[in-house]
>>> print(open('query.pdb').read())   # PDB, C-alpha atoms and all ligand atoms
ATOM      1  CA  MET A   1       0.000   0.000   0.000
ATOM      2  CA  ARG A   2       1.256   3.530  -0.781
ATOM      3  CA  TYR A   3       0.500   6.539   1.421
ATOM      4  CA  SER A   4       0.708  10.249   0.573
ATOM      5  CA  PHE A   5       3.059  12.555   2.463
ATOM      6  CA  LYS A   6       3.168  16.328   2.867
ATOM      7  CA  GLY A   7       6.997  16.431   3.042
ATOM      8  CA  ASN A   8       9.838  14.249   1.914
ATOM      9  CA  THR A   9      12.429  13.431   4.588
ATOM     10  CA  VAL A  10      12.120  11.194   7.643
ATOM     11  CA  LEU A  11      14.512  10.288  10.456
ATOM     12  CA  VAL A  12      14.162   6.795  11.968
ATOM     13  CA  THR A  13      16.068   5.849  15.142
ATOM     14  CA  GLY A  14      16.786   2.240  16.012
ATOM     15  CA  ALA A  15      16.528   1.651  12.264
ATOM     16  CA  GLY A  16      19.220  -1.026  12.120
ATOM     17  CA  SER A  17      16.968  -3.892  13.206
ATOM     18  CA  GLY A  18      13.439  -5.149  13.817
ATOM     19  CA  ILE A  19      10.566  -2.654  13.714
ATOM     20  CA  GLY A  20      12.792   0.330  12.873
ATOM     21  CA  ALA A  21      14.392  -1.415   9.878
ATOM     22  CA  ALA A  22      10.998  -2.584   8.551
ATOM     23  CA  THR A  23       9.580   0.943   8.940
ATOM     24  CA  ALA A  24      12.594   2.616   7.298
ATOM     25  CA  GLN A  25      12.169   0.267   4.336
ATOM     26  CA  LEU A  26       8.425   0.921   4.032
ATOM     27  CA  LEU A  27       8.939   4.691   4.280
ATOM     28  CA  ALA A  28      11.570   4.524   1.520
ATOM     29  CA  ALA A  29       9.220   2.413  -0.608
ATOM     30  CA  ASN A  30       6.683   5.221  -0.183
ATOM     31  CA  GLY A  31       9.133   7.682  -1.725
ATOM     32  CA  LEU A  32      10.574   9.329   1.399
ATOM     33  CA  ASN A  33      14.263  10.128   1.888
ATOM     34  CA  VAL A  34      15.220   8.170   5.010
ATOM     35  CA  VAL A  35      17.928   8.982   7.558
ATOM     36  CA  VAL A  36      18.680   5.514   8.938
ATOM     37  CA  SER A  37      20.003   6.039  12.483
ATOM     38  CA  ASP A  38      21.182   3.396  14.957
ATOM     39  CA  LEU A  39      23.844   2.659  17.545
ATOM     40  CA  HIS A  40      25.402   0.005  15.325
ATOM     41  CA  ALA A  41      27.162   1.220  12.162
ATOM     42  CA  GLU A  42      27.112  -2.191  10.452
ATOM     43  CA  ALA A  43      23.352  -2.541  10.893
ATOM     44  CA  VAL A  44      22.856   0.986   9.558
ATOM     45  CA  ALA A  45      24.992   0.219   6.498
ATOM     46  CA  ARG A  46      23.009  -2.964   5.792
ATOM     47  CA  VAL A  47      19.619  -1.196   5.923
ATOM     48  CA  VAL A  48      20.860   1.746   3.820
ATOM     49  CA  SER A  49      22.185  -0.645   1.216
ATOM     50  CA  GLU A  50      18.901  -2.628   1.149
ATOM     51  CA  ILE A  51      16.914   0.594   0.629
ATOM     52  CA  ARG A  52      19.248   1.809  -2.138
ATOM     53  CA  SER A  53      19.193  -1.576  -3.878
ATOM     54  CA  LYS A  54      15.421  -1.174  -4.233
ATOM     55  CA  GLY A  55      15.779   2.345  -5.709
ATOM     56  CA  GLY A  56      15.087   4.252  -2.468
ATOM     57  CA  LYS A  57      17.021   7.153  -0.964
ATOM     58  CA  ALA A  58      18.760   6.690   2.389
ATOM     59  CA  SER A  59      21.517   8.279   4.432
ATOM     60  CA  ALA A  60      23.439   6.502   7.215
ATOM     61  CA  HIS A  61      23.738   7.944  10.726
ATOM     62  CA  THR A  62      25.406   6.208  13.654
ATOM     63  CA  GLY A  63      24.521   7.548  17.087
ATOM     64  CA  ASP A  64      23.216   6.898  20.577
ATOM     65  CA  VAL A  65      19.730   8.315  21.300
ATOM     66  CA  SER A  66      20.633   8.758  24.978
ATOM     67  CA  ARG A  67      23.224  11.389  23.988
ATOM     68  CA  PRO A  68      21.639  14.782  23.138
ATOM     69  CA  GLU A  69      24.573  15.663  20.884
ATOM     70  CA  ASP A  70      23.921  12.539  18.779
ATOM     71  CA  ALA A  71      20.213  13.427  18.530
ATOM     72  CA  GLU A  72      21.178  16.890  17.271
ATOM     73  CA  ALA A  73      23.677  15.419  14.798
ATOM     74  CA  ALA A  74      21.021  13.108  13.311
ATOM     75  CA  VAL A  75      18.779  16.105  12.558
ATOM     76  CA  SER A  76      21.706  18.111  11.157
ATOM     77  CA  GLN A  77      22.534  15.227   8.871
ATOM     78  CA  ALA A  78      18.953  15.096   7.530
ATOM     79  CA  ILE A  79      19.168  18.778   6.657
ATOM     80  CA  GLU A  80      22.685  18.607   5.204
ATOM     81  CA  HIS A  81      21.932  15.500   3.140
ATOM     82  CA  PHE A  82      18.308  16.061   2.069
ATOM     83  CA  GLY A  83      17.719  19.796   2.709
ATOM     84  CA  SER A  84      14.944  19.565   5.346
ATOM     85  CA  LEU A  85      13.189  17.315   7.850
ATOM     86  CA  HIS A  86       9.444  16.663   7.976
ATOM     87  CA  PHE A  87       8.995  13.393   9.862
ATOM     88  CA  ALA A  88      10.557  11.340  12.649
ATOM     89  CA  PHE A  89      10.048   7.900  14.169
ATOM     90  CA  ASN A  90      11.653   7.819  17.637
ATOM     91  CA  ASN A  91      11.870   4.058  17.823
ATOM     92  CA  ALA A  92      15.203   3.025  19.400
ATOM     93  CA  GLY A  93      14.827   1.035  22.595
ATOM     94  CA  ILE A  94      16.093  -1.822  24.726
ATOM     95  CA  SER A  95      14.350  -4.356  26.943
ATOM     96  CA  GLY A  96      16.741  -3.899  29.883
ATOM     97  CA  ALA A  97      17.051  -6.155  32.904
ATOM     98  CA  LEU A  98      13.994  -8.217  33.825
ATOM     99  CA  LYS A  99      13.968  -7.687  37.615
ATOM    100  CA  PRO A 100      11.217  -6.470  39.945
ATOM    101  CA  CYS A 101      11.485  -3.082  41.683
ATOM    102  CA  GLY A 102      12.917  -4.587  44.871
ATOM    103  CA  GLU A 103      15.874  -6.078  42.976
ATOM    104  CA  LEU A 104      16.515  -3.639  40.105
ATOM    105  CA  SER A 105      19.908  -1.893  40.315
ATOM    106  CA  PRO A 106      20.098   1.912  39.902
ATOM    107  CA  GLU A 107      22.339   1.356  36.850
ATOM    108  CA  ASP A 108      19.783  -0.933  35.145
ATOM    109  CA  TRP A 109      17.011   1.586  35.908
ATOM    110  CA  GLN A 110      18.990   4.544  34.558
ATOM    111  CA  ARG A 111      20.047   2.783  31.348
ATOM    112  CA  VAL A 112      16.468   1.911  30.344
ATOM    113  CA  ILE A 113      15.144   5.361  31.229
ATOM    114  CA  ALA A 114      18.055   7.047  29.386
ATOM    115  CA  ILE A 115      17.464   5.164  26.135
ATOM    116  CA  ASN A 116      13.710   4.454  26.098
ATOM    117  CA  LEU A 117      12.432   7.748  27.586
ATOM    118  CA  SER A 118      15.132  10.459  27.591
ATOM    119  CA  GLY A 119      16.152   9.298  24.115
ATOM    120  CA  VAL A 120      12.676  10.206  22.823
ATOM    121  CA  GLN A 121      12.743  13.659  24.445
ATOM    122  CA  TYR A 122      16.256  14.388  23.089
ATOM    123  CA  GLY A 123      14.946  13.459  19.643
ATOM    124  CA  LEU A 124      11.929  15.777  19.975
ATOM    125  CA  ARG A 125      14.169  18.596  21.250
ATOM    126  CA  PHE A 126      16.014  18.806  17.931
ATOM    127  CA  GLN A 127      13.450  17.365  15.486
ATOM    128  CA  ILE A 128      10.626  19.770  16.373
ATOM    129  CA  PRO A 129      12.461  23.036  15.526
ATOM    130  CA  ALA A 130      13.677  21.497  12.247
ATOM    131  CA  ILE A 131      10.190  20.254  11.293
ATOM    132  CA  LEU A 132       8.644  23.639  12.164
ATOM    133  CA  LYS A 133      11.227  25.268   9.884
ATOM    134  CA  SER A 134      10.255  22.857   7.083
ATOM    135  CA  GLY A 135       6.594  23.910   7.347
ATOM    136  CA  GLY A 136       5.284  21.042   9.487
ATOM    137  CA  GLY A 137       5.006  17.276   9.438
ATOM    138  CA  ALA A 138       4.500  14.446  11.898
ATOM    139  CA  ILE A 139       6.294  12.397  14.555
ATOM    140  CA  VAL A 140       5.628   8.919  15.937
ATOM    141  CA  ASN A 141       7.149   7.897  19.273
ATOM    142  CA  MET A 142       7.647   4.225  20.059
ATOM    143  CA  SER A 143       5.902   3.183  23.261
ATOM    144  CA  SER A 144       4.504  -0.329  23.856
ATOM    145  CA  ILE A 145       1.525  -2.078  25.376
ATOM    146  CA  LEU A 146       3.699  -1.560  28.465
ATOM    147  CA  GLY A 147       3.077   2.176  28.024
ATOM    148  CA  LEU A 148      -0.561   1.433  28.897
ATOM    149  CA  VAL A 149      -0.444  -1.613  31.198
ATOM    150  CA  GLY A 150       2.346  -3.024  33.357
ATOM    151  CA  ILE A 151       4.537  -6.100  33.831
ATOM    152  CA  GLY A 152       5.984  -6.737  37.289
ATOM    153  CA  ALA A 153       9.257  -8.102  35.910
ATOM    154  CA  ALA A 154       9.954  -4.995  33.810
ATOM    155  CA  PRO A 155       9.449  -1.908  36.004
ATOM    156  CA  ALA A 156      11.971   0.355  34.253
ATOM    157  CA  TYR A 157      10.672  -0.584  30.791
ATOM    158  CA  THR A 158       7.059  -0.128  31.929
ATOM    159  CA  ALA A 159       7.850   3.261  33.495
ATOM    160  CA  ALA A 160       9.819   4.462  30.480
ATOM    161  CA  LYS A 161       7.099   3.434  28.012
ATOM    162  CA  HIS A 162       4.359   5.046  30.171
ATOM    163  CA  GLY A 163       6.594   8.126  30.126
ATOM    164  CA  VAL A 164       6.648   8.087  26.326
ATOM    165  CA  THR A 165       2.827   8.010  26.303
ATOM    166  CA  GLY A 166       2.669  11.149  28.470
ATOM    167  CA  LEU A 167       5.543  12.908  26.727
ATOM    168  CA  THR A 168       3.790  12.376  23.391
ATOM    169  CA  ARG A 169       0.543  13.885  24.693
ATOM    170  CA  ALA A 170       2.369  16.928  26.100
ATOM    171  CA  ALA A 171       4.229  17.482  22.830
ATOM    172  CA  ALA A 172       1.040  17.062  20.766
ATOM    173  CA  LEU A 173      -0.782  19.636  22.900
ATOM    174  CA  THR A 174       1.899  22.221  22.131
ATOM    175  CA  TYR A 175       2.703  21.533  18.487
ATOM    176  CA  SER A 176      -0.470  20.233  16.796
ATOM    177  CA  SER A 177      -1.678  23.791  16.167
ATOM    178  CA  GLN A 178       1.728  24.587  14.661
ATOM    179  CA  GLY A 179       1.513  21.873  12.003
ATOM    180  CA  ILE A 180       3.194  18.901  13.684
ATOM    181  CA  ARG A 181       1.043  15.881  14.549
ATOM    182  CA  ILE A 182       2.637  13.744  17.276
ATOM    183  CA  ASN A 183       1.403  10.263  18.227
ATOM    184  CA  SER A 184       2.654   7.239  20.120
ATOM    185  CA  ILE A 185       2.447   3.637  18.948
ATOM    186  CA  HIS A 186       1.903   0.674  21.284
ATOM    187  CA  PRO A 187       2.806  -2.723  19.856
ATOM    188  CA  GLY A 188       2.114  -6.020  21.527
ATOM    189  CA  TYR A 189       4.966  -8.541  21.408
ATOM    190  CA  VAL A 190       6.679  -8.525  18.016
ATOM    191  CA  ASN A 191       9.129 -11.054  16.620
ATOM    192  CA  THR A 192      12.422  -9.097  16.720
ATOM    193  CA  PRO A 193      15.849  -9.566  18.382
ATOM    194  CA  ILE A 194      14.636  -7.582  21.441
ATOM    195  CA  LEU A 195      12.786 -10.751  22.488
ATOM    196  CA  ASP A 196      16.061 -12.728  22.556
ATOM    197  CA  VAL A 197      16.108 -12.247  26.358
ATOM    198  CA  LEU A 198      13.081 -14.560  26.616
ATOM    199  CA  SER A 199      13.319 -18.348  26.875
ATOM    200  CA  GLU A 200      11.310 -20.551  24.474
ATOM    201  CA  ALA A 201       8.806 -21.217  27.277
ATOM    202  CA  GLU A 202       8.428 -17.482  27.970
ATOM    203  CA  ARG A 203       7.915 -16.813  24.254
ATOM    204  CA  ALA A 204       5.206 -19.484  24.083
ATOM    205  CA  ALA A 205       3.501 -17.936  27.123
ATOM    206  CA  MET A 206       3.582 -14.543  25.355
ATOM    207  CA  VAL A 207       1.588 -15.949  22.451
ATOM    208  CA  GLY A 208      -1.213 -16.865  24.850
ATOM    209  CA  LEU A 209      -1.543 -13.225  25.945
ATOM    210  CA  HIS A 210      -2.528 -12.132  22.416
ATOM    211  CA  PRO A 211      -6.174 -13.007  21.596
ATOM    212  CA  ILE A 212      -5.239 -13.111  17.909
ATOM    213  CA  GLY A 213      -3.202 -16.269  18.682
ATOM    214  CA  ARG A 214       0.320 -15.142  17.735
ATOM    215  CA  ILE A 215       2.843 -12.360  18.263
ATOM    216  CA  GLY A 216       3.286  -9.622  15.658
ATOM    217  CA  HIS A 217       5.577  -9.160  12.661
ATOM    218  CA  PRO A 218       7.732  -5.994  12.376
ATOM    219  CA  GLU A 219       6.005  -5.102   9.092
ATOM    220  CA  GLU A 220       2.629  -4.909  10.886
ATOM    221  CA  ILE A 221       3.974  -2.178  13.169
ATOM    222  CA  ALA A 222       5.662  -0.493  10.206
ATOM    223  CA  HIS A 223       2.338  -0.161   8.353
ATOM    224  CA  ALA A 224       0.629   1.465  11.350
ATOM    225  CA  THR A 225       3.556   3.858  11.848
ATOM    226  CA  VAL A 226       3.718   4.862   8.199
ATOM    227  CA  PHE A 227      -0.048   5.476   8.265
ATOM    228  CA  LEU A 228       0.308   7.730  11.352
ATOM    229  CA  LEU A 229       3.011   9.758   9.588
ATOM    230  CA  SER A 230       0.991  10.003   6.358
ATOM    231  CA  GLU A 231      -1.672  12.441   5.194
ATOM    232  CA  GLY A 232      -4.214   9.651   5.791
ATOM    233  CA  ALA A 233      -3.853  10.408   9.510
ATOM    234  CA  SER A 234      -4.289  14.175   9.102
ATOM    235  CA  PHE A 235      -6.801  14.433  12.031
ATOM    236  CA  ILE A 236      -4.872  12.120  14.374
ATOM    237  CA  THR A 237      -2.633  13.718  16.990
ATOM    238  CA  GLY A 238      -1.924  13.086  20.667
ATOM    239  CA  SER A 239      -3.256   9.569  20.226
ATOM    240  CA  ALA A 240      -1.906   6.281  21.560
ATOM    241  CA  MET A 241      -2.351   3.766  18.731
ATOM    242  CA  VAL A 242      -2.504   0.175  19.959
ATOM    243  CA  VAL A 243      -1.271  -2.513  17.521
ATOM    244  CA  ASP A 244      -1.308  -5.540  19.783
ATOM    245  CA  GLY A 245      -3.375  -8.463  18.475
ATOM    246  CA  GLY A 246      -5.890  -7.748  21.233
ATOM    247  CA  TYR A 247      -3.451  -7.912  24.211
ATOM    248  CA  THR A 248      -4.849  -4.831  25.983
ATOM    249  CA  ALA A 249      -8.485  -5.660  25.180
ATOM    250  CA  ALA A 250      -8.464  -8.368  27.836
TER
HETATM  251  N1  LIG A 301       9.578  -6.350  19.784
HETATM  252  C1  LIG A 301       8.623  -6.127  20.662
HETATM  253  O1  LIG A 301       7.977  -7.053  21.183
HETATM  254  C2  LIG A 301       8.264  -4.697  21.019
HETATM  255  C3  LIG A 301       6.999  -4.450  21.569
HETATM  256  C4  LIG A 301       6.651  -3.153  21.902
HETATM  257  C5  LIG A 301       7.563  -2.121  21.705
HETATM  258  N2  LIG A 301       8.789  -2.398  21.182
HETATM  259  C6  LIG A 301       9.709  -1.290  21.006
HETATM  260  O2  LIG A 301      10.037  -1.184  19.648
HETATM  261  C7  LIG A 301      11.314  -0.545  19.516
HETATM  262  C8  LIG A 301      12.153  -1.316  18.535
HETATM  263  O3  LIG A 301      12.434  -2.578  19.085
HETATM  264  P1  LIG A 301      12.587  -3.909  18.208
HETATM  265  O4  LIG A 301      11.622  -4.884  18.750
HETATM  266  O5  LIG A 301      12.567  -3.603  16.767
HETATM  267  O6  LIG A 301      14.026  -4.384  18.717
HETATM  268  P2  LIG A 301      15.439  -4.521  17.999
HETATM  269  O7  LIG A 301      16.369  -4.909  19.078
HETATM  270  O8  LIG A 301      15.311  -5.376  16.794
HETATM  271  O9  LIG A 301      15.736  -3.029  17.506
HETATM  272  C9  LIG A 301      16.109  -2.016  18.372
HETATM  273  C10 LIG A 301      17.145  -1.160  17.683
HETATM  274  O10 LIG A 301      17.450  -0.048  18.549
HETATM  275  C11 LIG A 301      18.853   0.133  18.521
HETATM  276  N3  LIG A 301      19.291   0.811  19.747
HETATM  277  C12 LIG A 301      19.355   0.295  20.995
HETATM  278  N4  LIG A 301      19.846   1.195  21.838
HETATM  279  C13 LIG A 301      20.111   2.311  21.116
HETATM  280  C14 LIG A 301      20.636   3.580  21.429
HETATM  281  N5  LIG A 301      21.031   3.883  22.674
HETATM  282  N6  LIG A 301      20.751   4.490  20.440
HETATM  283  C15 LIG A 301      20.385   4.186  19.178
HETATM  284  N7  LIG A 301      19.895   2.995  18.813
HETATM  285  C16 LIG A 301      19.751   2.059  19.777
HETATM  286  C17 LIG A 301      19.436  -1.261  18.403
HETATM  287  O11 LIG A 301      20.771  -1.222  17.922
HETATM  288  C18 LIG A 301      18.456  -1.909  17.450
HETATM  289  O12 LIG A 301      18.867  -1.765  16.100
HETATM  290  C19 LIG A 301      11.878  -0.455  20.942
HETATM  291  O13 LIG A 301      11.679   0.852  21.454
HETATM  292  C20 LIG A 301      11.028  -1.451  21.713
HETATM  293  O14 LIG A 301      10.951  -1.116  23.078
HETATM  294  C21 LIG A 301       9.160  -3.656  20.822
END
>>> encode(input="query.pdb", output="structure tokens", more="lines below")
Ligand SMILES: NC(=O)c1ccc[n+]([C@@H]2O[C@H](COP(=O)([O-])OP(=O)(O)OC[C@H]3O[C@@H](n4cnc5c(N)ncnc54)[C@H](O)[C@@H]3O)[C@@H](O)[C@H]2O)c1
Amino acid sequence: MRYSFKGNTVLVTGAGSGIGAATAQLLAANGLNVVVSDLHAEAVARVVSEIRSKGGKASAHTGDVSRPEDAEAAVSQAIEHFGSLHFAFNNAGISGALKPCGELSPEDWQRVIAINLSGVQYGLRFQIPAILKSGGGAIVNMSSILGLVGIGAAPAYTAAKHGVTGLTRAAALTYSSQGIRINSIHPGYVNTPILDVLSEAERAAMVGLHPIGRIGHPEEIAHATVFLLSEGASFITGSAMVVDGGYTAA
């Protein structure tokens, strides 16, 4: 499916793998110039080369979303390489340690919050002025079903993803009237390397939590994200879009 877009350049973080890579590829297939940003240079190079081999336009950026200077550099690169920035998908994230609150170390807490929550705010800090300068656009922030409900074994992840839900609403309240729609997306469990921390038994148990009878594919989250960025979603802002095979309906 092809969507229509008001602008032409998008920045995707965590684009070297999983949901971010699938979304970067779908955005490129829809004619957007894509800044492919990730912590891992080799993964970035692979995704850029896949996009280019299919006739798309992509630029490689290696950086850490938990470092404000890297977030600024990603935006600068979009402008230097493609002339402007209209869209962003703040997607990079980690699962972090699976330990309840009474056992979680301060270091494990801070790492998850730094990447999964502060990383989104650092992105917004530099993307929003650039998108305003380009005449407007849209942003999607990656949350999770765990931005709406909790899991006892993942307190830092749950807190960070709830934080993304609130941060998105606050940003949307300020910038929707200035031409930037900002939404969060909330996938159920999706088959990507982030689930490598789970045992086979834990993975099987995850399936049972999704009324649809399976976990998701990265491309299914990519389609919802690309829709939210597109003109098809022109009246959608400040929303929390659930893409979870029914997980949160229970
Ligand atoms: N897979 C799931 O079940 C699921 C469900 C809900 C939400 N999510 C969220 O989706 C996002 C993407 O995860 P995924 O499932 O595709 O996992 P993934 O591990 O395949 O991809 C995550 C990407 O983020 C990158 N990354 C990690 N830390 C980074 C940092 N500090 N700076 C820049 N890049 C960094 C990794 O290198 C990797 O390429 C995450 O925010 C995750 O929390 C995943």
>>> closest_residue(input="query.pdb", among="A:Cys101, A:Val242, A:Ala22, A:Val120", to="A:Glu219", atoms="only C-alpha atoms")
A:Ala22
>>> closest_residue(input="query.pdb", among="A:Ser234, A:Ser239, A:Gln178, A:Ser17", to="A:Gly166", atoms="only C-alpha atoms")
A:Ser239
>>> residues_near_ligand(input="query.pdb", ligand="ligand LIG 301 (chain A)", cutoff="6 Å", atoms="all atoms listed in the file", output="count of residues only")
30
>>> resolve_selection(input="query.pdb", expression="the PyMOL selection byres (((chain A and resi 180-182) around 8) and not hetatm)", output="NGL selection string")
:A and (128 or 131-132 or 136-141 or 168-169 or 171-172 or 175-179 or 183-184 or 234 or 236-239)
>>> resolve_selection(input="query.pdb", expression="the PyMOL selection byres (((chain A and resi 9) around 7) and not hetatm)", output="CSV table (one decimal) with C-alpha atoms, in the coordinates of the input")
chain,number,residue,atom,x,y,z
A,7,GLY,CA,7.0,16.4,3.0
A,8,ASN,CA,9.8,14.2,1.9
A,10,VAL,CA,12.1,11.2,7.6
A,11,LEU,CA,14.5,10.3,10.5
A,32,LEU,CA,10.6,9.3,1.4
A,33,ASN,CA,14.3,10.1,1.9
A,34,VAL,CA,15.2,8.2,5.0
A,82,PHE,CA,18.3,16.1,2.1
A,84,SER,CA,14.9,19.6,5.3
A,85,LEU,CA,13.2,17.3,7.8
A,86,HIS,CA,9.4,16.7,8.0
A,87,PHE,CA,9.0,13.4,9.9
>>> residues_around(input="query.pdb", residues="stretch 46-52 of chain A", least_positions_apart="5", cutoff="9 Å", atoms="all atoms listed in the file", output="list in words")
Ala15, Gly16, Ser17, Ala21, Ala24, Gln25, Ala28, Ala29, Val34, Val35, Val36, Ala41, Lys57, Ala58, Ser59 and Ala60 of chain A
>>> closest_residue(input="query.pdb", among="A:Gly208, A:Pro218, A:Gly96, A:Gly55", to="A:Ala159", atoms="only C-alpha atoms")
A:Gly96
>>> closest_residue(input="query.pdb", among="A:Ala154, A:Val226, A:Ala114, A:Val75", to="A:Lys99", atoms="all atoms listed in the file")
A:Ala154
>>> closest_residue(input="query.pdb", among="A:Ile79, A:Met1, A:Leu26, A:Ala153", to="A:Ala222", atoms="all atoms listed in the file")
A:Leu26
>>> closest_residue(input="query.pdb", among="A:His223, A:Ala170, A:Gly232, A:Gly83", to="A:Ser134", atoms="all atoms listed in the file")
A:Gly83
>>> residues_around(input="query.pdb", residues="A:His210", least_positions_apart="6", cutoff="12 Å", atoms="only C-alpha atoms", output="list in words")
Ile145, Pro187, Gly188, Tyr189, Val190, Arg203, Ala204, Gly216, Val243, Asp244, Gly245, Gly246, Tyr247, Thr248, Ala249 and Ala250 of chain A
